Each structure stands twice: as structure tokens, then as C-alpha cells.
Amino acid sequence: MKNKLTKFALLFVVSILALTTLTFAAKVPTIEYNGKVVKTDVNPFIEDNRTFVPIRFVAETLGKNVDWDNENRVVTIKDDAKTIKLTIGNKKALVNDTEVAVDVAPLVRNNRTFVPIRFVAENFDAKIGWDSENYKVTIGNMSAKLNLNSEEEKYFKELSSLQENLATELDNLKKSFFDNAAKMTDEELLKAYEESEKNISDISNKVKNLEAPDKFKQAQEYTIIANDKLQEILPIFKDAIITGDPNEAKKLVTELTDSQTKIQESVDALNAALKGEEYKPQEGIQVYKDEKAKQERTENLLEDPTIKNIMNRI
């Protein structure tokens with residue numbers, strides 16, 4: 001019975017996530033470089049929450065030299081100061097002959113080679129951002145453009161690094177539970193969960209301990225809220241998958257939606273701070289928050305002893 005329930009829970013959650021992925025996959029992200037939208041000969045796309053661009057984009061837009069070794073399936077991107085080597089399907093790269101980790105591997109699609117633009121741009125000292133409202137990737141010399149002082153730039157880099165680490169941990173957790181769950185015992189699943197939970201908790205605590213400059217205080221608050229929510233749903237995640245309880249699986253989908261909304265708010269709040277603006281929720285997020293608040297008020301009202309007594313009499 002337990003195995004059947006586990007399969008049901010997995011199928012339920014994976015199917016929901018698959019539908020979400022298909023929804024986003026249908027949209028093509030826009031790439032903006034130094035304030036100007038760049039058109040590519042083939043569309044960039046988002047996979048595993050990372051934006052991939054064709055290597056021709058790197059050569060023509062970022063002005064880097066690009067070589068393709070077809071035999072070894074290696075992309076070499078270089079300028080006068082730096083050389084990056086990426087291997088198709090490999091999450092390890094060489095940056096000036098030093099091995100570094102890449103959170104997503106480059107890939108070939110429809111006979112074209114695509115690379116993760118964030119990794120490439122940041123290793124060439126460019127700054128990359130995400131405009132969720134317009135579904136747009138922005139690339140440029142962001143520190144100078146945004147006029148950050150040394151304290152603000154230090155905070156921004158530390159926060160960005162921690163959030164990247166958090167995204168990697170979540171990806172590892174997802175792969176353990178969704179990609180490999182059928183091959184793992186309950187003990188192995190539990191061990192993977194406990195390791196991820198510890199790492200996520202450690203990263204979240206580091207974020208909380210960051211000293212946010214005035215410019216980023218509001219964004220810091222939203223980031224902490226999002227990370228706290230993530231830690232809150234991790235036990236539900238475990239119960240939904242390991243115990244195979246279908247009710248927990250349904251609850252997980254609801255909580256994941258709420259968590260994703262809070263994560264998006266933290267991203268939007270950070271982007272607003274970078275522009276020197278006060279954060280205002282997107283229309284869709286505000287509608288979601290209003291509906292959720294309305295539902296919570298209704299649920300709390302039904303728990304009122306007087307109301308419950310009246311309902312019982314009816």
C-alpha cells in the first residue's frame with residue numbers, strides 16, 4: 001500500500017510541476033544588453049530555471065572569441081584576460097585552467113550549441129538580472145550603471161552568491177526526490193532530504209545574518225520571508241514523498257505555489273532596490289495575496305467558537 005501511495009504522491013506532484021514547466025516553456029525570454037534588446041538567430045530558452053543562449057550570441061553580442069571542438073564537444077570562450085571552457089553535458093568548467101562548478105551544463109538542441117548565459121556573463125565580470133514582469137534577461141555593467149557604493153555592492157554580491165547556492169540546493173533536492181526517487185530506498189531518500197535541509201537552513205541563516213544597507217533593507221525583509229517559507233514547507237515535502245500520503249501531496253502543491261510567490265516577491269523587491277524604487281507587487285501577485293488573505297479570514301471565522309456553535313445547530 002505504501003509503495004502505491006508513494007507513486008501516487010510522486011505522480012501528483014510531478015504532473016503539477018510538469019504543467020508549470022510547460023507553461024513557462026511556451027514563453028521566449030527577451031535578452032537586453034546595455035539597455036538594448038538583442039535578437040538572436042535562434043530563440044533563447046529557460047530550462048532548470050536558467051537561461052540558455054546560442055554560442056553565436058556570446059560572440060556577436062558580448063564580443064568574445066568562441067571556438068567549438070566538435071570531437072570533444074567543448075566550447076571555448078575567451079578574451080584577452082580570461083578563457084572559459086565548457087563541455088556539453090558537464091557541470092564542470094575550466095576558467096583560466098581552474099576547475100569550477102556550473103549549476104547547469106551546456107547542451108545541444110536542434111544541432112545548435114547553447115550555454116547558460118549567467119555563468120558566462122558573470123565570469124566575464126558582467127552583471128546579469130531578471131525582469132520577471134517583462135520576462136527579460138538584462139546584461140550589462142550593472143555596478144557602475146546602478147551607482148552602488150562599496151557597502152551596497154558587497155551586500156549585493158554576497159546575497160546573490162547565497163541565493164545562487166540556495167537555488168543549487170533546491171535543484172539537488174528536486175533531482176533526488178523526482179528524478180531518482182524510484183531508484184532509492186526510503187533510507188536513502190531520508191538521507192538526501194536531511195542533507196539538503198541542513199544546507200538550505202545554513203544558507204538561509206547566512207542570509208538572515210547579512211547586514212543590509214538602507215538601500216536593500218526592504219529587499220532583505222522579503223528575501224528572509226521567502227527563505228523562511230521555504231524551510232517551513234520542507235517537512236511537508238518530505239512527508240508528501242517519503243510517506244506517500246496523497247493529502248500531503250496536495251498540500252505540498254499549494255505550499256509550493258505560496259513559496260514561489262514569495263520567492264518572486266524577493267526577486268522583484270531586489271530589482272526595485274537596485275533601481276532605487278520602492279517595491280510594489282505585480283498585479284498577479286497582489287491578486288493572489290488578496291485571495292489568500294480572504295480565504296484565511298474565512299477559515300479563521302469558521303474556527304470561531306460562536307460560529308461553530310451556530311453551524312452545529314444548523
# chains A, B, ... in the order shown; residues from 1 in each chain; ligands from 1
call {"tool": "residues_around", "arguments": {"residues": "A:Asn70", "least_positions_apart": "4", "cutoff": "12 Å", "atoms": "only C-alpha atoms", "output": "list of chain:residue names"}}
result
A:Val74, A:Val75, A:Thr76, A:Thr87, A:Ile88, A:Val108, A:Asn111, A:Arg112, A:Thr113
call {"tool": "write_last_selection", "arguments": {"atoms": "N, CA and C atoms", "output": "mmCIF file, in the first residue's frame"}}
result
data_model
loop_
_atom_site.group_PDB
_atom_site.id
_atom_site.type_symbol
_atom_site.label_atom_id
_atom_site.label_comp_id
_atom_site.auth_asym_id
_atom_site.auth_seq_id
_atom_site.Cartn_x
_atom_site.Cartn_y
_atom_site.Cartn_z
ATOM 1 N N VAL A 74 33.493 20.576 -26.831
ATOM 2 C CA VAL A 74 33.934 21.617 -25.905
ATOM 3 C C VAL A 74 33.785 22.988 -26.556
ATOM 4 N N VAL A 75 33.181 23.924 -25.810
ATOM 5 C CA VAL A 75 33.084 25.314 -26.236
ATOM 6 C C VAL A 75 34.156 26.108 -25.501
ATOM 7 N N THR A 76 34.962 26.869 -26.243
ATOM 8 C CA THR A 76 35.956 27.747 -25.634
ATOM 9 C C THR A 76 35.561 29.193 -25.898
ATOM 10 N N THR A 87 32.074 22.015 -21.415
ATOM 11 C CA THR A 87 31.865 20.750 -22.117
ATOM 12 C C THR A 87 30.380 20.398 -22.088
ATOM 13 N N ILE A 88 29.861 20.004 -23.246
ATOM 14 C CA ILE A 88 28.442 19.656 -23.348
ATOM 15 C C ILE A 88 28.088 18.563 -22.335
ATOM 16 N N VAL A 108 23.250 20.729 -26.443
ATOM 17 C CA VAL A 108 22.995 20.863 -27.875
ATOM 18 C C VAL A 108 21.519 20.607 -28.116
ATOM 19 N N ASN A 111 20.772 20.741 -33.192
ATOM 20 C CA ASN A 111 22.098 20.909 -33.806
ATOM 21 C C ASN A 111 22.734 22.263 -33.509
ATOM 22 N N ARG A 112 22.258 22.955 -32.490
ATOM 23 C CA ARG A 112 22.865 24.219 -32.087
ATOM 24 C C ARG A 112 23.348 24.103 -30.639
ATOM 25 N N THR A 113 24.483 24.728 -30.346
ATOM 26 C CA THR A 113 25.066 24.675 -29.010
ATOM 27 C C THR A 113 24.584 25.861 -28.177
#
call {"tool": "residues_around", "arguments": {"residues": "A:Asp131", "least_positions_apart": "6", "cutoff": "10 Å", "atoms": "only C-alpha atoms", "output": "JSON, numbers by chain"}}
result
{"A": [29, 30, 137, 138, 267, 268, 271]}
call {"tool": "select_by_dssp", "arguments": {"residues": "stretch 16-119 of chain A", "states": "alpha helix (DSSP H)", "output": "PyMOL selection string"}}
result
chain A and resi 16-25+55-61+117-119
call {"tool": "write_last_selection", "arguments": {"atoms": "C-alpha atoms", "output": "short mmCIF file (atom, residue, chain, number, x, y, z; two decimals), in the first residue's frame"}}
result
data_model
loop_
_atom_site.label_atom_id
_atom_site.label_comp_id
_atom_site.auth_asym_id
_atom_site.auth_seq_id
_atom_site.Cartn_x
_atom_site.Cartn_y
_atom_site.Cartn_z
CA ILE A 16 1.72 19.65 -11.43
CA LEU A 17 5.33 20.72 -11.83
CA ALA A 18 5.34 19.48 -15.41
CA LEU A 19 2.31 21.62 -16.22
CA THR A 20 4.07 24.61 -14.70
CA THR A 21 7.18 23.90 -16.75
CA LEU A 22 5.17 23.66 -19.97
CA THR A 23 3.52 26.99 -19.24
CA PHE A 24 6.85 28.73 -18.92
CA ALA A 25 8.47 26.81 -21.74
CA ILE A 55 27.10 30.49 -28.53
CA ARG A 56 26.79 32.82 -31.53
CA PHE A 57 25.10 35.30 -29.17
CA VAL A 58 28.17 35.25 -26.91
CA ALA A 59 30.44 36.02 -29.87
CA GLU A 60 28.32 38.67 -31.56
CA THR A 61 26.86 40.44 -28.50
CA ILE A 117 24.26 32.95 -20.03
CA ARG A 118 24.52 33.78 -16.31
CA PHE A 119 27.66 31.68 -15.83
#
call {"tool": "select_by_dssp", "arguments": {"residues": "stretch 97-272 of chain A", "states": "strand (DSSP E)", "output": "PyMOL selection string"}}
result
chain A and resi 98-101+107-109+112-116+127-131+136-140
call {"tool": "write_last_selection", "arguments": {"atoms": "C-alpha atoms", "output": "JSON list (two decimals), in the first residue's frame"}}
result
[["chain", "number", "residue", "atom", "x", "y", "z"],
["A", 98, "THR", "CA", 40.92, 26.33, -12.84],
["A", 99, "GLU", "CA", 38.05, 23.87, -12.48],
["A", 100, "VAL", "CA", 34.80, 25.45, -11.30],
["A", 101, "ALA", "CA", 31.26, 24.15, -10.87],
["A", 107, "LEU", "CA", 23.71, 21.46, -24.20],
["A", 108, "VAL", "CA", 23.00, 20.86, -27.88],
["A", 109, "ARG", "CA", 19.46, 21.37, -29.18],
["A", 112, "ARG", "CA", 22.87, 24.22, -32.09],
["A", 113, "THR", "CA", 25.07, 24.68, -29.01],
["A", 114, "PHE", "CA", 23.59, 26.58, -26.06],
["A", 115, "VAL", "CA", 25.35, 27.85, -22.93],
["A", 116, "PRO", "CA", 23.99, 29.18, -19.60],
["A", 127, "LYS", "CA", 26.17, 41.74, -14.28],
["A", 128, "ILE", "CA", 23.03, 39.83, -15.13],
["A", 129, "GLY", "CA", 19.49, 40.38, -13.88],
["A", 130, "TRP", "CA", 15.99, 39.02, -14.37],
["A", 131, "ASP", "CA", 12.96, 41.22, -15.10],
["A", 136, "LYS", "CA", 13.56, 39.62, -19.74],
["A", 137, "VAL", "CA", 17.23, 38.93, -19.01],
["A", 138, "THR", "CA", 19.32, 42.07, -18.58],
["A", 139, "ILE", "CA", 23.09, 42.07, -19.07],
["A", 140, "GLY", "CA", 25.48, 44.96, -18.56]]
call {"tool": "residues_around", "arguments": {"residues": "A:Phe124", "least_positions_apart": "6", "cutoff": "12 Å", "atoms": "only C-alpha atoms", "output": "list in words"}}
result
Val58, Leu62, Gly63, Lys64, Ile77, Lys78, Asp79, Asp80, Ala81, Lys82, Thr83, Ile84, Val95, Asn96, Ile117, Arg118, Ile139, Gly140 and Asn141 of chain A
call {"tool": "atom_distance", "arguments": {"atom1": "atom CA of A:Glu278", "atom2": "atom CA of A:Ala126"}}
result
25.1 Å
call {"tool": "closest_residue", "arguments": {"among": "A:Asn134, A:Lys154, A:Arg73, A:Met184", "to": "A:Val28", "atoms": "only C-alpha atoms"}}
result
A:Asn134
call {"tool": "residues_around", "arguments": {"residues": "A:Ile225", "least_positions_apart": "4", "cutoff": "12 Å", "atoms": "only C-alpha atoms", "output": "PyMOL selection string"}}
result
chain A and resi 204-205+207-208+218-221+229-232+258-267+269
call {"tool": "write_last_selection", "arguments": {"atoms": "N, CA and C atoms", "output": "CSV table (one decimal), in the first residue's frame"}}
result
chain,number,residue,atom,x,y,z
A,204,SER,N,20.1,29.9,4.5
A,204,SER,CA,19.1,30.8,5.0
A,204,SER,C,19.6,31.6,6.2
A,205,ASN,N,20.2,31.0,7.1
A,205,ASN,CA,20.8,31.7,8.3
A,205,ASN,C,21.8,32.7,7.9
A,207,VAL,N,21.9,34.3,5.1
A,207,VAL,CA,21.2,35.4,4.5
A,207,VAL,C,20.6,36.3,5.6
A,208,LYS,N,20.0,35.7,6.7
A,208,LYS,CA,19.5,36.5,7.8
A,208,LYS,C,20.6,37.3,8.5
A,218,GLN,N,14.4,46.7,2.6
A,218,GLN,CA,13.1,46.1,2.2
A,218,GLN,C,13.3,44.8,1.5
A,219,ALA,N,14.3,44.8,0.5
A,219,ALA,CA,14.5,43.6,-0.2
A,219,ALA,C,15.0,42.5,0.7
A,220,GLN,N,15.8,42.8,1.7
A,220,GLN,CA,16.3,41.8,2.7
A,220,GLN,C,15.1,41.2,3.4
A,221,GLU,N,14.1,42.0,3.8
A,221,GLU,CA,13.0,41.5,4.5
A,221,GLU,C,12.2,40.5,3.7
A,229,LYS,N,9.8,30.7,4.4
A,229,LYS,CA,8.7,29.9,3.9
A,229,LYS,C,9.2,28.6,3.3
A,230,LEU,N,10.3,28.7,2.6
A,230,LEU,CA,10.9,27.5,2.0
A,230,LEU,C,11.3,26.5,3.1
A,231,GLN,N,11.9,26.9,4.2
A,231,GLN,CA,12.2,26.0,5.3
A,231,GLN,C,10.9,25.4,5.9
A,232,GLU,N,9.8,26.2,5.9
A,232,GLU,CA,8.6,25.7,6.5
A,232,GLU,C,8.0,24.6,5.7
A,258,ASP,N,2.6,29.1,-2.9
A,258,ASP,CA,2.8,30.2,-2.0
A,258,ASP,C,4.3,30.5,-1.8
A,259,SER,N,5.1,29.5,-1.8
A,259,SER,CA,6.6,29.7,-1.7
A,259,SER,C,7.1,30.4,-2.9
A,260,GLN,N,6.7,29.9,-4.1
A,260,GLN,CA,7.2,30.5,-5.3
A,260,GLN,C,6.8,32.0,-5.4
A,261,THR,N,5.6,32.3,-4.9
A,261,THR,CA,5.1,33.7,-4.9
A,261,THR,C,6.0,34.6,-4.1
A,262,LYS,N,6.4,34.1,-2.9
A,262,LYS,CA,7.3,34.8,-2.0
A,262,LYS,C,8.7,34.9,-2.6
A,263,ILE,N,9.1,33.9,-3.3
A,263,ILE,CA,10.5,34.0,-3.9
A,263,ILE,C,10.4,35.1,-5.0
A,264,GLN,N,9.4,35.1,-5.8
A,264,GLN,CA,9.2,36.1,-6.8
A,264,GLN,C,9.2,37.5,-6.3
A,265,GLU,N,8.5,37.6,-5.1
A,265,GLU,CA,8.5,38.9,-4.5
A,265,GLU,C,9.9,39.4,-4.0
A,266,SER,N,10.7,38.4,-3.5
A,266,SER,CA,12.0,38.8,-3.1
A,266,SER,C,12.9,39.2,-4.2
A,267,VAL,N,12.7,38.6,-5.4
A,267,VAL,CA,13.5,38.9,-6.6
A,267,VAL,C,13.0,40.3,-7.1
A,269,ALA,N,11.6,42.7,-5.3
A,269,ALA,CA,12.0,43.7,-4.3
A,269,ALA,C,13.5,44.1,-4.5
